[in-house]
$ cat data_30.cif   # mmCIF, N, CA and C atoms
data_structure
loop_
_atom_site.label_atom_id
_atom_site.label_comp_id
_atom_site.auth_asym_id
_atom_site.auth_seq_id
_atom_site.Cartn_x
_atom_site.Cartn_y
_atom_site.Cartn_z
N MET A 1 -11.17 15.11 -24.02
CA MET A 1 -9.72 14.99 -24.12
C MET A 1 -9.16 14.65 -22.74
N ILE A 2 -8.30 13.66 -22.71
CA ILE A 2 -7.71 13.24 -21.44
C ILE A 2 -6.50 14.11 -21.14
N ASN A 3 -6.49 14.63 -19.95
CA ASN A 3 -5.42 15.53 -19.53
C ASN A 3 -4.17 14.73 -19.15
N ALA A 4 -3.01 15.30 -19.35
CA ALA A 4 -1.75 14.63 -19.00
C ALA A 4 -1.63 14.42 -17.49
N ILE A 5 -2.22 15.33 -16.72
CA ILE A 5 -2.17 15.17 -15.27
C ILE A 5 -2.98 13.97 -14.83
N THR A 6 -4.13 13.75 -15.48
CA THR A 6 -4.96 12.60 -15.16
C THR A 6 -4.23 11.30 -15.47
N ILE A 7 -3.53 11.27 -16.59
CA ILE A 7 -2.77 10.07 -16.96
C ILE A 7 -1.64 9.84 -15.97
N ALA A 8 -0.94 10.91 -15.59
CA ALA A 8 0.17 10.77 -14.62
C ALA A 8 -0.35 10.27 -13.28
N LEU A 9 -1.47 10.82 -12.82
CA LEU A 9 -2.04 10.37 -11.55
C LEU A 9 -2.51 8.92 -11.63
N ALA A 10 -3.06 8.53 -12.77
CA ALA A 10 -3.50 7.15 -12.94
C ALA A 10 -2.32 6.18 -12.91
N VAL A 11 -1.21 6.57 -13.53
CA VAL A 11 -0.01 5.72 -13.51
C VAL A 11 0.54 5.61 -12.09
N ILE A 12 0.59 6.74 -11.39
CA ILE A 12 1.06 6.72 -9.99
C ILE A 12 0.13 5.88 -9.14
N LEU A 13 -1.16 5.94 -9.41
CA LEU A 13 -2.15 5.16 -8.68
C LEU A 13 -1.94 3.67 -8.89
N ILE A 14 -1.67 3.26 -10.10
CA ILE A 14 -1.42 1.84 -10.38
C ILE A 14 -0.15 1.37 -9.68
N ILE A 15 0.91 2.16 -9.76
CA ILE A 15 2.17 1.78 -9.13
C ILE A 15 2.03 1.69 -7.63
N THR A 16 1.38 2.69 -7.02
CA THR A 16 1.23 2.66 -5.56
C THR A 16 0.29 1.54 -5.12
N SER A 17 -0.69 1.19 -5.94
CA SER A 17 -1.58 0.08 -5.60
C SER A 17 -0.82 -1.24 -5.53
N VAL A 18 0.02 -1.48 -6.52
CA VAL A 18 0.81 -2.72 -6.54
C VAL A 18 1.79 -2.74 -5.37
N LEU A 19 2.45 -1.60 -5.12
CA LEU A 19 3.40 -1.54 -4.01
C LEU A 19 2.71 -1.72 -2.66
N LEU A 20 1.50 -1.19 -2.52
CA LEU A 20 0.76 -1.38 -1.27
C LEU A 20 0.41 -2.84 -1.05
N ILE A 21 0.03 -3.53 -2.11
CA ILE A 21 -0.26 -4.96 -1.99
C ILE A 21 0.97 -5.71 -1.51
N VAL A 22 2.11 -5.40 -2.11
CA VAL A 22 3.35 -6.09 -1.73
C VAL A 22 3.73 -5.76 -0.29
N LEU A 23 3.67 -4.49 0.09
CA LEU A 23 4.05 -4.10 1.45
C LEU A 23 3.12 -4.69 2.49
N ILE A 24 1.83 -4.75 2.21
CA ILE A 24 0.90 -5.33 3.17
C ILE A 24 1.14 -6.82 3.33
N LEU A 25 1.47 -7.48 2.24
CA LEU A 25 1.77 -8.91 2.34
C LEU A 25 3.09 -9.18 3.06
N LEU A 26 3.99 -8.21 3.10
CA LEU A 26 5.26 -8.39 3.80
C LEU A 26 5.11 -8.29 5.32
N HIS A 27 4.02 -7.70 5.78
CA HIS A 27 3.83 -7.55 7.22
C HIS A 27 3.70 -8.91 7.90
N ARG A 28 4.23 -8.98 9.10
CA ARG A 28 4.14 -10.19 9.88
C ARG A 28 2.74 -10.28 10.48
N GLY A 29 2.19 -11.49 10.47
CA GLY A 29 0.86 -11.69 11.03
C GLY A 29 0.87 -11.53 12.54
N LYS A 30 -0.17 -10.93 13.07
CA LYS A 30 -0.26 -10.74 14.52
C LYS A 30 -0.89 -11.95 15.21
N GLY A 31 -1.31 -12.94 14.46
CA GLY A 31 -1.88 -14.15 15.05
C GLY A 31 -3.39 -14.14 14.99
N GLY A 32 -3.95 -15.33 14.79
CA GLY A 32 -5.39 -15.48 14.80
C GLY A 32 -6.07 -15.14 13.50
N GLY A 33 -5.33 -14.77 12.49
CA GLY A 33 -5.95 -14.39 11.23
C GLY A 33 -5.67 -15.39 10.13
N LEU A 34 -5.76 -14.92 8.90
CA LEU A 34 -5.52 -15.79 7.76
C LEU A 34 -4.07 -16.23 7.66
N SER A 35 -3.16 -15.47 8.29
CA SER A 35 -1.76 -15.86 8.22
C SER A 35 -1.52 -17.18 8.96
N ASP A 36 -2.32 -17.47 9.97
CA ASP A 36 -2.20 -18.75 10.67
C ASP A 36 -2.61 -19.92 9.78
N LEU A 37 -3.55 -19.66 8.88
CA LEU A 37 -4.04 -20.70 8.00
C LEU A 37 -2.94 -21.21 7.07
N PHE A 38 -2.05 -20.30 6.65
CA PHE A 38 -1.00 -20.66 5.71
C PHE A 38 0.36 -20.83 6.37
N GLY A 39 0.39 -21.07 7.65
CA GLY A 39 1.65 -21.32 8.33
C GLY A 39 2.28 -20.10 8.95
N GLY A 40 1.62 -18.98 8.96
CA GLY A 40 2.17 -17.77 9.56
C GLY A 40 2.20 -17.82 11.07
N GLY A 41 1.41 -18.68 11.67
CA GLY A 41 1.36 -18.78 13.12
C GLY A 41 2.57 -19.46 13.71
N VAL A 42 3.34 -20.17 12.90
CA VAL A 42 4.51 -20.88 13.38
C VAL A 42 5.73 -20.02 13.09
N SER A 43 5.72 -18.80 13.57
CA SER A 43 6.84 -17.89 13.32
C SER A 43 7.72 -17.82 14.55
N SER A 44 8.97 -17.52 14.32
CA SER A 44 9.91 -17.38 15.41
C SER A 44 10.46 -15.96 15.41
N SER A 45 11.37 -15.69 16.31
CA SER A 45 11.95 -14.36 16.40
C SER A 45 12.95 -14.10 15.28
N VAL A 46 13.24 -15.10 14.47
CA VAL A 46 14.19 -14.95 13.37
C VAL A 46 13.56 -14.15 12.24
N GLY A 47 12.24 -14.02 12.22
CA GLY A 47 11.51 -13.39 11.12
C GLY A 47 11.91 -11.96 10.84
N GLY A 48 12.27 -11.19 11.83
CA GLY A 48 12.63 -9.81 11.60
C GLY A 48 12.72 -9.05 12.90
N SER A 49 13.36 -7.91 12.84
CA SER A 49 13.53 -7.11 14.04
C SER A 49 12.40 -6.09 14.14
N SER A 50 12.28 -5.50 15.31
CA SER A 50 11.23 -4.52 15.50
C SER A 50 11.52 -3.23 14.72
N VAL A 51 12.78 -2.92 14.49
CA VAL A 51 13.14 -1.72 13.72
C VAL A 51 12.68 -1.89 12.27
N ALA A 52 12.90 -3.07 11.72
CA ALA A 52 12.48 -3.32 10.34
C ALA A 52 10.96 -3.27 10.24
N GLU A 53 10.28 -3.78 11.25
CA GLU A 53 8.81 -3.77 11.23
C GLU A 53 8.28 -2.34 11.34
N LYS A 54 8.91 -1.52 12.16
CA LYS A 54 8.48 -0.12 12.28
C LYS A 54 8.72 0.64 10.97
N ASN A 55 9.85 0.39 10.33
CA ASN A 55 10.13 1.05 9.04
C ASN A 55 9.15 0.60 7.97
N LEU A 56 8.78 -0.69 7.99
CA LEU A 56 7.80 -1.20 7.05
C LEU A 56 6.44 -0.56 7.30
N ASP A 57 6.10 -0.36 8.57
CA ASP A 57 4.84 0.32 8.91
C ASP A 57 4.84 1.76 8.38
N ARG A 58 5.94 2.47 8.60
CA ARG A 58 6.03 3.86 8.14
C ARG A 58 5.94 3.96 6.63
N LEU A 59 6.63 3.06 5.95
CA LEU A 59 6.60 3.06 4.49
C LEU A 59 5.20 2.75 3.96
N THR A 60 4.52 1.82 4.61
CA THR A 60 3.17 1.46 4.20
C THR A 60 2.20 2.62 4.41
N VAL A 61 2.31 3.31 5.54
CA VAL A 61 1.43 4.45 5.81
C VAL A 61 1.71 5.58 4.82
N ALA A 62 2.98 5.86 4.56
CA ALA A 62 3.32 6.93 3.61
C ALA A 62 2.80 6.61 2.22
N LEU A 63 2.97 5.37 1.79
CA LEU A 63 2.48 4.98 0.47
C LEU A 63 0.96 5.01 0.43
N GLY A 64 0.32 4.67 1.54
CA GLY A 64 -1.14 4.75 1.61
C GLY A 64 -1.65 6.18 1.49
N LEU A 65 -0.92 7.12 2.08
CA LEU A 65 -1.31 8.53 1.97
C LEU A 65 -1.14 9.04 0.54
N ILE A 66 -0.06 8.62 -0.12
CA ILE A 66 0.14 8.99 -1.52
C ILE A 66 -0.97 8.41 -2.39
N TRP A 67 -1.34 7.15 -2.11
CA TRP A 67 -2.41 6.48 -2.85
C TRP A 67 -3.73 7.23 -2.67
N ALA A 68 -4.03 7.62 -1.42
CA ALA A 68 -5.28 8.33 -1.14
C ALA A 68 -5.30 9.70 -1.82
N ALA A 69 -4.16 10.39 -1.83
CA ALA A 69 -4.09 11.69 -2.50
C ALA A 69 -4.31 11.54 -4.00
N CYS A 70 -3.79 10.47 -4.59
CA CYS A 70 -4.00 10.23 -6.02
C CYS A 70 -5.47 9.93 -6.31
N ILE A 71 -6.12 9.18 -5.43
CA ILE A 71 -7.54 8.88 -5.60
C ILE A 71 -8.36 10.17 -5.60
N VAL A 72 -8.07 11.04 -4.63
CA VAL A 72 -8.79 12.32 -4.54
C VAL A 72 -8.49 13.18 -5.76
N GLY A 73 -7.22 13.22 -6.18
CA GLY A 73 -6.84 14.03 -7.34
C GLY A 73 -7.51 13.57 -8.61
N VAL A 74 -7.52 12.26 -8.85
CA VAL A 74 -8.18 11.74 -10.05
C VAL A 74 -9.68 12.01 -9.97
N GLY A 75 -10.26 11.84 -8.80
CA GLY A 75 -11.69 12.10 -8.64
C GLY A 75 -12.05 13.54 -8.93
N LEU A 76 -11.23 14.46 -8.44
CA LEU A 76 -11.50 15.88 -8.70
C LEU A 76 -11.32 16.25 -10.16
N LEU A 77 -10.30 15.68 -10.79
CA LEU A 77 -10.08 15.97 -12.22
C LEU A 77 -11.17 15.41 -13.10
N VAL A 78 -11.63 14.22 -12.77
CA VAL A 78 -12.70 13.61 -13.56
C VAL A 78 -14.02 14.35 -13.34
N ARG A 79 -14.23 14.78 -12.10
CA ARG A 79 -15.47 15.50 -11.79
C ARG A 79 -15.56 16.85 -12.51
N THR A 80 -14.42 17.55 -12.58
CA THR A 80 -14.43 18.86 -13.25
C THR A 80 -14.40 18.74 -14.76
N GLY A 81 -14.12 17.53 -15.27
CA GLY A 81 -14.12 17.33 -16.71
C GLY A 81 -12.81 17.69 -17.38
N SER A 82 -11.75 17.83 -16.61
CA SER A 82 -10.46 18.18 -17.22
C SER A 82 -9.79 16.97 -17.78
#
$ encode --input "data_30.cif" --output "structure tokens"
Amino acid sequence: MINAITIALAVILIITSVLLIVLILLHRGKGGGLSDLFGGGVSSSVGGSSVAEKNLDRLTVALGLIWAACIVGVGLLVRTGS
């Protein structure tokens, strides 16, 4: 029998996974990577402010921690058989 907590954690895991993909793609390329291949290397200072970039970093880290906690929670629930 599937527990309601397992289903809730799985739904949160799916939502946070999609949001993490979006947030990571929103980050500005630091240069020399795949972002240069698709035109990311031709960026100007109009792209965004440092405050917005710091807030995006904080949001990405917080969402990553929530994602990791959900992974551990689902793993523990599946392991115990609940």
$ closest_residue --input "data_30.cif" --among "A:Leu19, A:Ile7, A:Asp57, A:Leu13" --to "Val72 in chain A" --atoms "only C-alpha atoms"
A:Leu13
$ atom_distance --input "data_30.cif" --atom1 "CA of Gly81 in chain A" --atom2 "CA of Ile15 in chain A"
23.8 Å
$ atom_distance --input "data_30.cif" --atom1 "CA of Leu56 in chain A" --atom2 "CA of Cys70 in chain A"
21.0 Å
$ axis_aligned_box --input "data_30.cif" --around "range 74-79 of chain A" --padding-each-side "3 Å" --output "JSON"
{"center_x": -11.5, "center_y": 14.3, "center_z": -11.0, "size_x": 14.0, "size_y": 11.1, "size_z": 11.1}
$ atom_distance --input "data_30.cif" --atom1 "CA of Trp67 in chain A" --atom2 "CA of Ile14 in chain A"
8.9 Å
$ residues_around --input "data_30.cif" --residues "Gly73 in chain A" --least-positions-apart "5" --cutoff "8 Å" --atoms "only N, CA and C atoms" --output "PyMOL selection string"
chain A and resi 5-6+9-10+67-68+78-79
